[in-house]
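Engineer: Next up, query-v3.txt (compact mmCIF, C-alpha atoms).
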# COMPACT_ATOMS: atom_id res chain seq x y z
CA MET A 1 0.00 0.00 0.00
CA LEU A 2 2.53 2.56 1.10
CA ALA A 3 6.18 2.78 1.89
CA PHE A 4 6.95 6.47 2.25
CA VAL A 5 10.66 7.14 2.13
CA LEU A 6 12.16 9.54 4.61
CA SER A 7 15.04 11.91 4.07
CA PHE A 8 18.50 10.60 4.89
CA LEU A 9 18.80 13.14 7.69
CA PRO A 10 17.56 13.16 11.28
CA VAL A 11 13.80 13.63 11.24
CA ALA A 12 11.59 14.08 14.28
CA ILE A 13 8.17 12.47 14.05
CA SER A 14 5.23 12.91 16.39
CA ILE A 15 2.31 10.54 15.93
CA ARG A 16 -1.16 10.63 17.45
CA ALA A 17 -3.30 7.58 16.69
CA HIS A 18 -7.00 7.15 17.35
CA SER A 19 -9.36 4.22 16.94
CA CYS A 20 -13.02 4.57 15.98
CA ARG A 21 -14.02 1.17 17.35
CA SER A 22 -16.54 1.11 20.20
CA SER A 23 -14.92 -1.91 21.84
CA PRO A 24 -12.54 -0.93 24.69
CA LYS A 25 -10.02 -3.39 23.24
CA PHE A 26 -9.53 -1.05 20.31
CA ASN A 27 -10.11 2.36 21.88
CA ARG A 28 -6.52 3.31 22.49
CA SER A 29 -4.50 6.46 21.96
CA ALA A 30 -0.76 6.75 21.67
CA GLU A 31 1.63 9.64 21.23
CA PRO A 32 5.07 8.13 20.71
CA HIS A 33 7.85 10.55 19.81
CA LEU A 34 10.38 9.01 17.48
CA SER A 35 13.56 10.10 15.78
CA LEU A 36 14.16 8.12 12.61
CA LEU A 37 16.96 7.89 10.10
CA CYS A 38 16.02 6.49 6.72
CA GLU A 39 16.36 7.14 3.01
CA LYS A 40 16.47 5.51 -0.39
CA HIS A 41 16.85 1.82 0.40
CA LEU A 42 16.37 2.48 4.09
CA ALA A 43 12.60 2.75 4.08
CA VAL A 44 9.90 3.14 6.65
CA GLU A 45 7.06 0.76 5.89
CA SER A 46 4.12 2.82 7.08
CA ASP A 47 1.16 4.76 5.79
CA SER A 48 1.87 7.61 8.16
CA PHE A 49 4.95 9.24 6.69
CA VAL A 50 5.62 11.52 3.78
CA VAL A 51 8.90 12.62 2.32
CA VAL A 52 9.15 15.90 0.52
CA SER A 53 11.77 17.28 -1.82
CA GLY A 54 11.74 19.80 -4.63
CA SER A 55 13.50 20.67 -7.86
CA ASP A 56 12.62 22.48 -11.06
CA SER A 57 15.72 21.40 -12.94
CA ALA A 58 17.03 18.13 -11.51
CA PRO A 59 14.94 15.24 -12.92
CA LEU A 60 14.10 12.27 -10.78
CA SER A 61 16.14 9.19 -11.52
CA ASP A 62 14.52 6.01 -12.83
CA SER A 63 14.82 4.63 -9.32
CA GLY A 64 12.42 7.28 -8.06
CA HIS A 65 14.92 8.81 -5.61
CA LEU A 66 14.00 12.35 -4.68
CA PRO A 67 16.21 15.41 -5.17
CA THR A 68 17.48 17.06 -2.02
CA ASP A 69 16.57 20.72 -2.58
CA VAL A 70 14.06 20.49 0.26
CA ARG A 71 14.41 18.27 3.31
CA PRO A 72 11.89 17.38 6.02
CA LEU A 73 12.73 18.44 9.57
CA ARG A 74 9.68 17.32 11.52
CA TYR A 75 6.46 15.39 10.98
CA GLU A 76 3.31 15.68 13.08
CA VAL A 77 0.88 12.95 12.10
CA GLU A 78 -2.66 12.31 13.31
CA VAL A 79 -4.31 9.09 12.15
CA ILE A 80 -7.94 8.09 12.74
CA THR A 81 -8.68 4.42 12.10
CA ASP A 82 -12.21 3.08 11.54
CA LEU A 83 -12.17 -0.65 12.26
CA ASN A 84 -15.83 -0.99 11.29
CA GLN A 85 -15.27 0.38 7.78
CA LEU A 86 -11.65 -0.86 7.64
CA THR A 87 -10.44 2.58 6.58
CA PHE A 88 -8.17 5.28 7.93
CA LYS A 89 -7.73 9.00 7.44
CA GLY A 90 -5.41 11.57 8.86
CA VAL A 91 -3.52 14.83 8.69
CA VAL A 92 0.23 15.30 8.42
CA THR A 93 2.06 18.57 9.08
CA ILE A 94 5.58 18.59 7.65
CA ARG A 95 8.19 21.16 8.64
CA LEU A 96 10.60 21.72 5.73
CA ASP A 97 14.06 23.20 5.34
CA VAL A 98 14.45 24.85 1.91
CA LEU A 99 18.03 24.28 0.75
CA LYS A 100 17.54 25.41 -2.85
CA ALA A 101 14.89 27.67 -4.39
CA THR A 102 12.09 25.66 -5.99
CA TYR A 103 8.59 25.85 -7.45
CA VAL A 104 7.73 22.21 -6.78
CA LEU A 105 7.43 19.76 -3.89
CA THR A 106 7.58 16.05 -4.64
CA PHE A 107 6.83 13.14 -2.34
CA HIS A 108 6.32 9.40 -2.52
CA SER A 109 2.78 8.07 -2.39
CA SER A 110 1.41 4.69 -3.43
CA GLY A 111 -2.35 4.36 -3.64
CA LEU A 112 -3.00 7.00 -1.00
CA GLN A 113 -5.77 9.58 -1.35
CA VAL A 114 -4.05 12.89 -0.63
CA GLY A 115 -5.63 16.30 -0.20
CA PHE A 116 -3.80 19.63 0.06
CA ARG A 117 -4.68 21.87 3.01
CA LYS A 118 -2.10 24.63 3.08
CA LEU A 119 1.53 25.55 2.55
CA LEU A 120 3.14 28.30 4.62
CA ALA A 121 6.51 29.68 3.54
CA SER A 122 8.76 31.69 5.88
CA HIS A 123 11.73 33.71 4.65
CA ASP A 124 13.73 36.32 6.57
CA GLY A 125 11.07 36.50 9.27
CA HIS A 126 8.11 36.92 6.89
CA THR A 127 5.46 34.21 6.44
CA GLN A 128 3.02 33.88 3.56
CA GLU A 129 0.62 31.22 2.31
CA VAL A 130 1.52 29.63 -1.03
CA SER A 131 -1.16 28.14 -3.27
CA ILE A 132 -0.90 25.07 -5.49
CA ARG A 133 -1.25 25.59 -9.26
CA LYS A 134 -1.63 21.90 -10.10
CA VAL A 135 -0.86 18.40 -8.89
CA THR A 136 0.80 15.75 -11.06
CA THR A 137 1.40 12.08 -10.34
CA ASP A 138 3.69 9.35 -11.64
CA VAL A 139 2.02 6.03 -10.83
CA ARG A 140 4.98 3.90 -11.94
CA LYS A 141 7.45 5.73 -9.69
CA GLU A 142 4.81 6.28 -6.97
CA LEU A 143 5.39 10.03 -6.93
CA MET A 144 3.12 13.04 -6.44
CA THR A 145 4.28 16.58 -7.25
CA LEU A 146 2.78 19.85 -6.06
CA HIS A 147 3.44 22.74 -8.48
CA LEU A 148 3.51 26.00 -6.52
CA SER A 149 2.22 29.45 -7.43
CA ASP A 150 5.24 31.12 -5.80
CA GLU A 151 8.86 30.14 -5.41
CA LEU A 152 10.14 28.80 -2.11
CA HIS A 153 13.30 30.77 -1.38
CA ALA A 154 16.51 29.23 -0.12
CA SER A 155 18.72 30.56 2.69
CA ARG A 156 17.12 31.15 6.09
CA SER A 157 13.89 29.67 4.72
CA HIS A 158 11.45 27.15 6.10
CA ALA A 159 8.05 25.94 5.00
CA GLU A 160 5.18 24.04 6.57
CA LEU A 161 3.08 21.71 4.43
CA VAL A 162 -0.25 20.31 5.66
CA LEU A 163 -1.87 17.38 3.85
CA ASP A 164 -4.94 15.20 4.37
CA PHE A 165 -4.62 11.52 3.53
CA GLY A 166 -6.72 8.38 3.69
CA ASN A 167 -7.42 4.96 2.25
CA GLU A 168 -8.62 1.48 3.05
CA LEU A 169 -6.56 -0.60 5.45
CA ALA A 170 -4.29 -2.88 3.44
CA ASN A 171 -5.10 -6.57 3.34
CA GLY A 172 -1.48 -7.61 3.59
CA GLN A 173 1.83 -6.96 5.32
CA GLY A 174 2.80 -3.65 3.69
CA GLY A 175 1.75 -0.19 4.75
CA TYR A 176 -1.07 0.29 7.25
CA GLY A 177 -2.94 -3.00 7.29
CA ARG A 178 -5.63 -5.04 8.95
CA VAL A 179 -5.57 -8.46 10.58
CA LYS A 180 -8.65 -10.60 11.15
CA TRP A 181 -9.15 -12.69 14.25
CA GLU A 182 -12.07 -14.35 16.03
CA ASP A 183 -13.10 -14.13 19.67
CA GLY A 184 -16.68 -15.35 19.57
CA ARG A 185 -17.17 -13.15 16.53
CA GLU A 186 -15.07 -11.86 13.67
CA GLU A 187 -12.90 -8.91 14.67
CA TYR A 188 -10.15 -6.81 13.10
CA TYR A 189 -7.20 -4.90 14.42
CA ALA A 190 -4.98 -2.46 12.54
CA PHE A 191 -1.20 -2.62 12.39
CA THR A 192 1.84 -1.02 10.82
CA GLN A 193 5.55 -1.35 11.42
CA LEU A 194 8.77 0.61 11.26
CA ALA A 195 11.40 -1.59 9.67
CA VAL A 196 14.87 -1.13 8.26
CA VAL A 197 15.08 -2.80 4.86
CA GLN A 198 17.95 -3.36 2.46
CA HIS A 199 20.14 -0.48 1.36
CA GLY A 200 22.32 -1.04 -1.64
CA THR A 201 24.90 1.47 -2.81
CA SER A 202 28.24 2.21 -1.20
CA GLU A 203 27.35 5.92 -1.27
CA ASP A 204 24.26 5.25 0.86
CA TYR A 205 26.33 3.13 3.22
CA THR A 206 29.03 5.80 3.59
CA ARG A 207 26.45 8.44 4.51
CA VAL A 208 24.95 6.15 7.15
CA LYS A 209 28.39 5.47 8.61
CA ASP A 210 29.22 9.17 8.70
CA ILE A 211 26.11 9.80 10.78
CA ALA A 212 26.97 6.90 13.09
CA GLN A 213 30.48 8.30 13.62
CA ASN A 214 29.60 11.96 14.02
CA LYS A 215 27.88 13.43 17.03
CA SER A 216 24.11 13.49 16.62
CA SER A 217 21.06 12.66 18.70
CA ALA A 218 21.20 9.32 20.48
CA SER A 219 18.20 7.88 18.66
CA THR A 220 19.59 8.94 15.28
CA ARG A 221 22.91 7.23 15.99
CA ILE A 222 21.11 4.09 17.12
CA ALA A 223 19.17 3.99 13.86
CA ALA A 224 22.38 4.44 11.87
CA LEU A 225 24.20 1.70 13.80
CA ARG A 226 21.32 -0.70 13.27
CA ALA A 227 21.37 0.11 9.57
CA LEU A 228 25.09 -0.69 9.37
CA GLY A 229 24.43 -4.06 10.95
CA ALA A 230 21.62 -4.72 8.47
CA SER A 231 23.71 -4.17 5.33
CA SER A 232 22.57 -6.61 2.63
CA ASP A 233 25.83 -6.70 0.67
CA LEU A 234 28.75 -8.81 1.90
CA GLU A 235 31.30 -6.20 0.83
CA LEU A 236 29.48 -3.56 2.86
CA ALA A 237 29.07 -6.02 5.73
CA ASN A 238 32.84 -6.44 5.72
CA GLN A 239 33.19 -2.66 5.97
CA THR A 240 30.88 -2.81 8.98
CA TRP A 241 33.18 -5.38 10.54
CA GLU A 242 36.24 -3.22 9.89
CA TYR A 243 34.39 -0.31 11.49
CA ILE A 244 33.65 -2.45 14.56
CA MET A 245 37.27 -3.55 14.92
CA ALA A 246 38.64 -0.03 14.44
CA ASN A 247 36.44 1.62 17.07
CA THR A 248 35.81 1.14 20.77
CA LEU A 249 32.04 0.94 20.56
CA GLY A 250 30.95 -0.16 24.03
CA GLN A 251 27.15 -0.05 24.24
CA ASP A 252 26.94 0.95 20.58
CA LEU A 253 28.04 -2.55 19.66
CA ALA A 254 24.69 -3.85 20.89
CA TYR A 255 22.83 -1.71 18.36
CA LEU A 256 24.93 -3.09 15.52
CA VAL A 257 24.08 -6.59 16.69
CA ILE A 258 20.37 -5.71 16.73
CA GLY A 259 20.68 -4.77 13.07
CA LEU A 260 21.91 -8.26 12.21
CA LYS A 261 18.43 -9.73 12.44
CA GLU A 262 17.28 -7.54 9.54
CA ASN A 263 19.21 -9.55 6.95
CA ARG A 264 19.99 -13.26 6.99
CA LYS A 265 22.85 -13.04 4.51
CA THR A 266 24.94 -10.60 6.52
CA ARG A 267 23.76 -12.01 9.84
CA LYS A 268 25.62 -15.26 9.15
CA PHE A 269 28.73 -13.38 8.03
CA LEU A 270 28.89 -10.97 10.96
CA ALA A 271 27.86 -13.60 13.53
CA ARG A 272 30.80 -15.71 12.39
CA LYS A 273 33.11 -12.70 12.70
CA PHE A 274 31.88 -12.01 16.22
CA LYS A 275 32.49 -15.63 17.19
CA GLU A 276 35.99 -15.74 15.69
CA ASN A 277 37.04 -12.46 17.35
CA TYR A 278 35.16 -12.70 20.63
CA ASP A 279 38.26 -12.56 22.84
CA GLU A 280 39.59 -9.44 21.12
CA LEU A 281 36.23 -7.68 21.34
CA ALA A 282 35.75 -8.70 24.98
CA GLY A 283 39.19 -7.40 25.88
Please re-express this file's structure in structure tokens.
Structural biologist:
Amino acid sequence: MLAFVLSFLPVAISIRAHSCRSSPKFNRSAEPHLSLLCEKHLAVESDSFVVVSGSDSAPLSDSGHLPTDVRPLRYEVEVITDLNQLTFKGVVTIRLDVLKATYVLTFHSSGLQVGFRKLLASHDGHTQEVSIRKVTTDVRKELMTLHLSDELHASRSHAELVLDFGNELANGQGGYGRVKWEDGREEYYAFTQLAVVQHGTSEDYTRVKDIAQNKSSASTRIAALRALGASSDLELANQTWEYIMANTLGQDLAYLVIGLKENRKTRKFLARKFKENYDELAG
């Protein structure tokens, strides 16, 4: 259904979830505050997240990767789930950092019904509302582009985009889905998951490692370390091992180990390395 891809930079996400089921089993609210690090082949499998970028001149690659003229800084997501109708709807407010002037905002969306609410642009202390001239979509690449009436300026500029979204709960493992169970009668519950998946290129890997090595928020570093442990390529997994041996990681080593479970291929390789070098690591 959806796998919105987040920027490869620290992003703060606030989620408020509601259930529209009358049963007390399903009437629950949660407001977790998460800091996530994902991009390209590091994807968040969830219906609740949008990634925005913009460019008038730089075309999107065939892979569907977004340009980096605009990056998301913060997401505030409210989701209302109707377990009687097996649908959901919500509102997302996205705080954006404008790195390069642009007339467009592009984000990933697969099968989601999206409605534009407003776009506020702030530059040099002045804020104005920007309207949308038109909306275009690329179904094959799962992209939606907002074409703006006014340019978003770079340098000391931020923007805030508010979107409505909704759809049916997916009948499968991807996106925001539903699961059927019986307890005297047929019932449903809704689920989604945040999961690190395969990342491929050495450039992606290097950027993840840079974030793991440099000072950043604790949760961002943890996400980066887990991603290093989950590398799907044996050559990159070997680089992870060299990184482990070259650094005194302490508690951070545990987060790398947690990442091993994300990929069987590298899990066997790195588990063998840990076993062979246990004494050196323990010392």
Engineer: Do you know which residues lie at most 12 Å from (1.3, 28.9, 0.3), with coordinates as in the file and all atoms listed in the file counted, and could you write them as a PyMOL selection string?
Structural biologist: chain A and resi 103-105+116-122+127-133+146-152+158-162
Engineer: Kindly give the distance, in Å, that separates CA of Ala230 in chain A and CA of Lys275 in chain A, rounded to a single decimal.
Structural biologist: 17.7 Å
Engineer: Tell me, as a list in words, which residues lie within 10 Å of Asp97 in chain A, counting all atoms listed in the file; anything in the same chain fewer than 3 positions away does not count.
Structural biologist: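 Listed by chain and then number, they are Ser53, Asp69, Val70, Arg71, Pro72, Leu73, Arg74, Ile94, Lys100, Ala154, Ser155, Arg156, Ser157, His158, Ala159 and Glu160 of chain A.
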Engineer: May I have the residues from that selection written out with C-alpha atoms, as a PDB file, in the coordinates of the input?
Structural biologist:
ATOM      1  CA  SER A  53      11.770  17.280  -1.820  1.00  0.00           C
ATOM      2  CA  ASP A  69      16.570  20.720  -2.580  1.00  0.00           C
ATOM      3  CA  VAL A  70      14.060  20.490   0.260  1.00  0.00           C
ATOM      4  CA  ARG A  71      14.410  18.270   3.310  1.00  0.00           C
ATOM      5  CA  PRO A  72      11.890  17.380   6.020  1.00  0.00           C
ATOM      6  CA  LEU A  73      12.730  18.440   9.570  1.00  0.00           C
ATOM      7  CA  ARG A  74       9.680  17.320  11.520  1.00  0.00           C
ATOM      8  CA  ILE A  94       5.580  18.590   7.650  1.00  0.00           C
ATOM      9  CA  LYS A 100      17.540  25.410  -2.850  1.00  0.00           C
ATOM     10  CA  ALA A 154      16.510  29.230  -0.120  1.00  0.00           C
ATOM     11  CA  SER A 155      18.720  30.560   2.690  1.00  0.00           C
ATOM     12  CA  ARG A 156      17.120  31.150   6.090  1.00  0.00           C
ATOM     13  CA  SER A 157      13.890  29.670   4.720  1.00  0.00           C
ATOM     14  CA  HIS A 158      11.450  27.150   6.100  1.00  0.00           C
ATOM     15  CA  ALA A 159       8.050  25.940   5.000  1.00  0.00           C
ATOM     16  CA  GLU A 160       5.180  24.040   6.570  1.00  0.00           C
TER      17      GLU A 160
END
Engineer: Find the residues near Trp241 in chain A: any atom within 10 Å, counting all atoms listed in the file, skip ones fewer than 5 places away on the same chain, and give them as a list in words.
Structural biologist: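 These residues fall inside the cut-off: Leu228, Gly229, Glu235, Leu236, Ala246, Leu256, Phe269, Leu270, Lys273 and Phe274 of chain A.
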Engineer: What is the distance, in Å and to one decimal place, between CA of Ala254 in chain A and CA of Arg221 in chain A?
Structural biologist: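 CA of Ala254 in chain A sits 12.2 Å away from CA of Arg221 in chain A.
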Engineer: Could you please determine the separation between CA of Asp164 in chain A and CA of Lys180 in chain A in Å, to one decimal place?
Structural biologist: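 Between these atoms lies a distance of 26.9 Å.
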Engineer: Using only C-alpha atoms, find the one residue out of A:Val139, A:Leu234, A:Leu260, A:Val114 that sits nearest to Val91 in chain A.
Structural biologist: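 Closest to Val91 in chain A, using only C-alpha atoms: A:Val114.
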Engineer: Let me make sure I understand: among A:His153, A:Thr136, A:Tyr243, A:Gln85, which one has the smallest atom-to-atom distance to Asp124 in chain A if we use all atoms listed in the file?
Structural biologist: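 So, comparing all the options, the nearest one is A:His153.
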Engineer: What would the list of residues within 10 Å of (25.3, -0.8, 9.7) (file frame) look like as number ranges by chain, if only C-alpha atoms are what count?
Structural biologist: A: 199, 205-206, 208-209, 212, 222-232, 236-237, 239-241, 243-244, 255-260
